[in-house]
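Each remark here refers to the structure printed beneath this line.
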Amino acid sequence: MFLKKIYKIKGYFFKYFPTPRQWLEFFNVLSKKEKIFFIVFFCFFLISALFLQLDFYFKNTAAIPDFGGEYKEGIIGAPRFINPLYLSDNDADRDLVELIFSGLLKYNEKGEILNDLAEKYEITNNNKNYEFTLKNDIFWHDGEKLTSEDIIFTLGLVQSPQYKSPLRIEWLGVKAEAVGENKIVFQLQNPYSSFPETIARLKILPKHIFQDVVPENLPWVFKTDLVSKKYLIGSGPFKVKTVKEGENGSIKKIVLERNEKFYGQKPYLEKLSFYFYENTEDLKRAASVGEIDGFPLSDPLQFKFFEKEGFKIYHISLPRYFALFFNLRNAKISNKKIRTALSFAVDKEEILNKVFLGNGEKVSSPIINDYYGFNPPQVIFPFNPEKAKEILEKEGFKENTTTGIREKKASPLITSFFKNHLEQGDQGEEVRQLQKCLAQDKEIYPEGEINGYFGTKTKEAVSRFQQKYFYEILKPAGLSKPNGKVGTMTIKKLNELCPPTPPENIVLKFTLTTSDKSPLTEMAEIIKKQFKNIGVEIEIKRVSLAELQTDILAKRNFEMLLFGEALGQIPDPFSFWHSSQKEYPGLNIASYNSKTADKLLEQARETSDPKERKEKLEKFQDILLEDAPAIFLVGSNYSYALHPNIKGFKVEKISESSKRFSAIENLYLKTKRIWLSN
């Protein structure tokens, strides 16, 4: 019955539905006005139908990244050594190494350490053995298989003094053994919780390419054969396609292409090109005309310009800070009360806003509490210039009404200056006077360093002094040879040759040494003004990076040093504050010495428990801040500009600039739509 009704309706529909001929006659029976209305309404109908279809499509599909496209990065400077073993402060080298080469471990966009070439790793033998297992079927860009022998080979180059790799100091005492093609075991002398980060910094070189390169040539092969690409063989997500030189032989452009055999997640980008510029103005021009899609930004004053050009500025957290370090070997700054007063005199907010335009954060501790999620220190020095003045007043430093600089009246003249026995490790004014006395004779103390710290050179000078006056010092004391210690007979001879001079007033005037580069120069001027407000005069000494390394840091030749320090993703301030690191090339540039702090740093370094490490470092920070060896100032973010067409950038934390590419596989230009499942 039901089917009969259906057939009846169907027959009725076709019987009375207009024929094509009747449709053609339709417009003939309409008036002009009716035709216009019909056409308008018919267009509305088509548009509505199209809109409904599009609405349905977009509601039931989603855009996802698609493969293809070229990203163009601009960099100031040019590559010199694209070599994992000889990375310098040259950003271009570091960036290219990050993309071309890979290591056992890597960082992700949150700064966490993940497996890279390694499938897994285990820690055994009380945190002293690290056993890594490689992923299967990993190949170099030239198709050769990557094995454990390549890792052992690379580590051998790093550890060999012949190759002079700056990474060598990180690998001293580490033994490595290959167990078959896919396993490597590292053996440490002592537990070291930050060893995974040391591993993550080591990029692997192909043994079959470099095994016949002699040590003296290895740093240069990447440069001399750059265009031929012979030595630019890695295992990273991108490989070198073309290298373009300028008229003067410098590198103007390097094009990388996706490594189709990459063992990890394949990048969406097909190409990644680097354009190299001589200065900021050239880079600005290139960005304005669309030549590049992204670039690092170091000058906050440029942010607004590039934002107007349509770029989005990303601010990425870095575990680094700027601080004013006091040379605790220097007698002039050895008074903790003076250092404490200076700490209260610094307005960090002014430095942050004027130098960095607010792009960063104030820092109060050597462990950068906000970055690592640690509790803030109990010992703090909020900006309080009146408190600073009060401390200096109590110490006897009165403001000179003529100069505006605080002075302290000298003690009455003493009949003999040298009274106390002195030996290596001592410091203070008496050591300073000892050095001044010894320096009068160039044969005894040719270095002539007067810093108030009894170091190796001072000990050697005392030994030469004792030998010169053998019959007046050593023989009466029953000694056959010098011992480098200032004892009773040495004191007697010193007082005879170097009688005390009329005392002078102690003036609060210091030399602040820093780099001649921004932002340190601007920071130094603000600190000078702030110290002036409490009656302390500062003379700024600006030096080149080379002089900073060879003279200032190597010889600890400063009173105050405005400088920056960088930690890793695993907090380990051992190198910067442990007393074993006081001598160069150690990084304890303030020469800080505390047995309690040393013990906490050792325990924090050895434990593999993050909670225990946090507890030890929080105790350490308060002990150090109580001693005031430095004023911790600000930490700046890393700024990176990207065109809005570049999507997928979600990097939050990096340990160095090149790690902005840590999640390069997620960057994309193209998209495609897929249907959503119910």
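Ordered as shown in the structure tokens, chains take letters A, B, and onward, while each chain numbers its residues from 1 and ligands are numbered from 1 in the order shown.
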
Next on the checklist: Can you tell me, as a PyMOL selection string, which residues in region 5-199 of chain A count as strand (DSSP E) by DSSP?
Outcome noted: chain A and resi 61-66+70-76+105-107+113-115+118-124+129-134+175-178+183-187

Keeping only C-alpha atoms, write the selected residues to a file as a compact mmCIF listing (two decimals), in the first residue's frame.
```txt
# COMPACT_ATOMS: atom_id res chain seq x y z
CA THR A 61 37.46 19.98 8.66
CA ALA A 62 40.63 21.23 10.36
CA ALA A 63 43.78 22.89 9.00
CA ILE A 64 46.99 21.01 9.72
CA PRO A 65 50.61 21.66 8.71
CA ASP A 66 51.67 20.43 5.30
CA GLU A 70 61.17 27.75 2.13
CA TYR A 71 61.99 29.66 5.31
CA LYS A 72 64.56 32.47 4.99
CA GLU A 73 66.59 33.46 8.06
CA GLY A 74 68.67 36.65 8.30
CA ILE A 75 71.84 36.80 10.43
CA ILE A 76 74.34 39.58 11.08
CA LEU A 105 70.52 14.02 23.26
CA LYS A 106 68.78 17.27 22.37
CA TYR A 107 66.54 19.98 23.82
CA ILE A 113 66.48 17.20 27.44
CA LEU A 114 65.22 14.39 25.19
CA ASN A 115 66.68 11.48 23.26
CA ALA A 118 69.83 7.74 21.36
CA GLU A 119 66.84 5.41 21.63
CA LYS A 120 67.34 5.26 25.41
CA TYR A 121 69.96 5.57 28.12
CA GLU A 122 70.47 4.14 31.61
CA ILE A 123 72.39 5.52 34.60
CA THR A 124 74.18 2.96 36.77
CA ASN A 129 77.99 5.22 34.28
CA TYR A 130 75.78 6.31 31.38
CA GLU A 131 74.87 3.60 28.86
CA PHE A 132 73.35 4.84 25.59
CA THR A 133 71.61 2.71 22.97
CA LEU A 134 71.39 4.21 19.46
CA LYS A 175 86.04 7.37 29.55
CA ALA A 176 83.94 5.95 26.70
CA GLU A 177 83.61 2.47 25.27
CA ALA A 178 81.67 1.20 22.27
CA LYS A 183 75.81 0.96 22.37
CA ILE A 184 78.18 3.40 24.09
CA VAL A 185 79.09 3.49 27.79
CA PHE A 186 80.46 6.67 29.40
CA GLN A 187 82.29 6.30 32.71
```

Item to check | Nearest residue to Pro500 (chain A) from the set A:Phe417, A:Pro267, A:Met523, A:Gly478 (distances using only C-alpha atoms) | outcome: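 When distances to Pro500 (chain A) are compared using only C-alpha atoms, the smallest one comes from A:Phe417.
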
Item to check | Nearby residues (only C-alpha atoms) at most 7 Å from Lys362 (chain A), same-chain spacing under 5 positions excluded, as a ChimeraX atom specification | outcome: /A:348,633-635

With N, CA and C atoms kept, could you save the residues just selected as a PDB file, in the first residue's frame?
```pdb
ATOM      1  N   LYS A 348      67.593  48.057  40.220  1.00  0.00           N
ATOM      2  CA  LYS A 348      67.545  47.115  39.101  1.00  0.00           C
ATOM      3  C   LYS A 348      66.418  47.452  38.128  1.00  0.00           C
ATOM      4  N   LEU A 633      71.884  41.460  39.022  1.00  0.00           N
ATOM      5  CA  LEU A 633      71.157  42.602  38.471  1.00  0.00           C
ATOM      6  C   LEU A 633      69.899  42.206  37.697  1.00  0.00           C
ATOM      7  N   VAL A 634      70.058  41.797  36.459  1.00  0.00           N
ATOM      8  CA  VAL A 634      68.905  41.489  35.605  1.00  0.00           C
ATOM      9  C   VAL A 634      69.236  40.316  34.688  1.00  0.00           C
ATOM     10  N   GLY A 635      68.186  39.691  34.184  1.00  0.00           N
ATOM     11  CA  GLY A 635      68.320  38.690  33.142  1.00  0.00           C
ATOM     12  C   GLY A 635      67.509  39.141  31.944  1.00  0.00           C
TER      13      GLY A 635
END
```

Where does region 414-458 of chain A meet region 547-561 of chain A within 12 Å, residue by residue, with the nearest atom pair and distance in Å to one decimal for each, counting only C-alpha atoms, listed by chain and rising number, as JSON lines?
```
{"residue": "A:Glu447", "atom": "CA", "partner": "A:Lys555", "partner_atom": "CA", "distance": 10.6}
{"residue": "A:Gly448", "atom": "CA", "partner": "A:Asn557", "partner_atom": "CA", "distance": 11.7}
{"residue": "A:Glu449", "atom": "CA", "partner": "A:Asn557", "partner_atom": "CA", "distance": 8.3}
{"residue": "A:Ile450", "atom": "CA", "partner": "A:Asn557", "partner_atom": "CA", "distance": 9.1}
{"residue": "A:Asn451", "atom": "CA", "partner": "A:Asn557", "partner_atom": "CA", "distance": 7.7}
{"residue": "A:Gly452", "atom": "CA", "partner": "A:Glu559", "partner_atom": "CA", "distance": 10.7}
{"residue": "A:Tyr453", "atom": "CA", "partner": "A:Arg556", "partner_atom": "CA", "distance": 10.1}
{"residue": "A:Gly455", "atom": "CA", "partner": "A:Lys555", "partner_atom": "CA", "distance": 10.9}
{"residue": "A:Thr456", "atom": "CA", "partner": "A:Lys555", "partner_atom": "CA", "distance": 11.6}
{"residue": "A:Lys457", "atom": "CA", "partner": "A:Lys555", "partner_atom": "CA", "distance": 10.7}
```

Next on the checklist: Quick check for you: according to DSSP on this backbone, which residues of region 415-537 of chain A are classed as alpha helix (DSSP H)? Reply as a ChimeraX atom specification.
Outcome noted: /A:429-438,456-468,470-473,488-497,520-532

Checklist entry - Got a sec: who's within 10 Å of Gln440 (chain A), counting only C-alpha atoms, leaving out chain neighbours fewer than 6 positions off, as JSON, numbers by chain? => result {"A": [446, 448, 497, 498]}

Keeping only N, CA and C atoms, write those residues as a PDB file, in the first residue's frame.
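Generated output (part26.pdb):
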```
ATOM      1  N   PRO A 446     108.602  40.244  39.400  1.00  0.00           N
ATOM      2  CA  PRO A 446     108.514  40.868  38.067  1.00  0.00           C
ATOM      3  C   PRO A 446     107.075  41.147  37.622  1.00  0.00           C
ATOM      4  N   GLY A 448     104.526  42.109  39.513  1.00  0.00           N
ATOM      5  CA  GLY A 448     104.105  43.344  40.178  1.00  0.00           C
ATOM      6  C   GLY A 448     102.609  43.469  40.406  1.00  0.00           C
ATOM      7  N   LEU A 497     112.974  46.930  55.189  1.00  0.00           N
ATOM      8  CA  LEU A 497     113.096  47.456  53.832  1.00  0.00           C
ATOM      9  C   LEU A 497     111.905  48.313  53.417  1.00  0.00           C
ATOM     10  N   CYS A 498     110.763  48.051  53.995  1.00  0.00           N
ATOM     11  CA  CYS A 498     109.535  48.765  53.598  1.00  0.00           C
ATOM     12  C   CYS A 498     108.855  49.351  54.824  1.00  0.00           C
TER      13      CYS A 498
END
```

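Using only C-alpha atoms, the protein and nucleic acid residues lying no more than 7 Å from region 190-199 of chain A, apart from those fewer than 3 places from it along its own chain, are A:Leu104, A:Leu105, A:Asn127, A:Lys128, A:Leu202, A:Ile570, A:Arg605, A:Glu606, A:Thr607, A:Ser608.
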
Writer output for current selection, N, CA and C atoms, as a CSV table (one decimal), in the first residue's frame:
```csv
chain,number,residue,atom,x,y,z
A,104,LEU,N,73.6,12.7,20.7
A,104,LEU,CA,72.9,11.7,21.4
A,104,LEU,C,71.6,12.2,22.1
A,105,LEU,N,71.7,13.4,22.6
A,105,LEU,CA,70.5,14.0,23.3
A,105,LEU,C,70.3,15.4,22.7
A,127,ASN,N,75.4,6.6,39.7
A,127,ASN,CA,75.3,7.8,38.8
A,127,ASN,C,76.6,8.1,38.2
A,128,LYS,N,77.5,7.1,38.0
A,128,LYS,CA,78.8,7.4,37.3
A,128,LYS,C,78.9,6.7,36.0
A,202,LEU,N,77.2,18.0,22.7
A,202,LEU,CA,78.2,17.4,21.8
A,202,LEU,C,77.6,16.9,20.5
A,570,ILE,N,69.9,22.4,33.3
A,570,ILE,CA,70.0,21.8,34.6
A,570,ILE,C,70.9,22.7,35.4
A,605,ARG,N,75.5,18.9,42.8
A,605,ARG,CA,76.0,18.4,41.5
A,605,ARG,C,76.0,16.9,41.4
A,606,GLU,N,76.1,16.3,42.6
A,606,GLU,CA,76.2,14.8,42.6
A,606,GLU,C,74.8,14.1,42.6
A,607,THR,N,73.8,14.8,43.2
A,607,THR,CA,72.5,14.1,43.3
A,607,THR,C,71.8,14.1,41.9
A,608,SER,N,71.0,13.0,41.7
A,608,SER,CA,70.2,12.9,40.5
A,608,SER,C,68.7,13.2,40.9
```

Item to check | Exercise: Gly290 (chain A) partners within 12 Å, only C-alpha atoms, chain neighbours under 2 positions left out, as a ChimeraX atom specification | outcome: /A:71-74,283-288,292-294,306,309-311,642-643,645

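Shortest separation to Pro499 (chain A) among A:Glu98, A:Pro519, A:Trp577, A:Phe418 occurs at residue A:Phe418, atoms counted being only C-alpha atoms.
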
Checklist entry - Pick from A:Phe153, A:Leu99, A:Leu357, A:Arg673: nearest to Asp212 (chain A), with only C-alpha atoms counted? => result A:Phe153

Checklist entry - Neighbours of Gly373 (chain A) within 12 Å (only C-alpha atoms; same-chain residues fewer than 2 positions away dropped), as a ChimeraX atom specification? => result /A:319,367-371,375-376,569-571,610-611,614-615,617-618

Item to check | Closest of A:Tyr584, A:Ile251, A:Tyr163, A:Ile313 to Asp93 (chain A) - atom-to-atom distances counting only C-alpha atoms | outcome: A:Ile251

Next on the checklist: Ranking A:Ser463, A:Lys517, A:Asn400, A:Gln162 by minimum distance to Glu537 (chain A) and counting only C-alpha atoms, which one comes first?
Outcome noted: A:Asn400

Checklist entry - From the list A:Arg432, A:Cys43, A:Ser544, A:Gly568, which residue is nearest Lys659 (chain A) when using only C-alpha atoms? => result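 That would be A:Gly568, the residue with the smallest distance to Lys659 (chain A).
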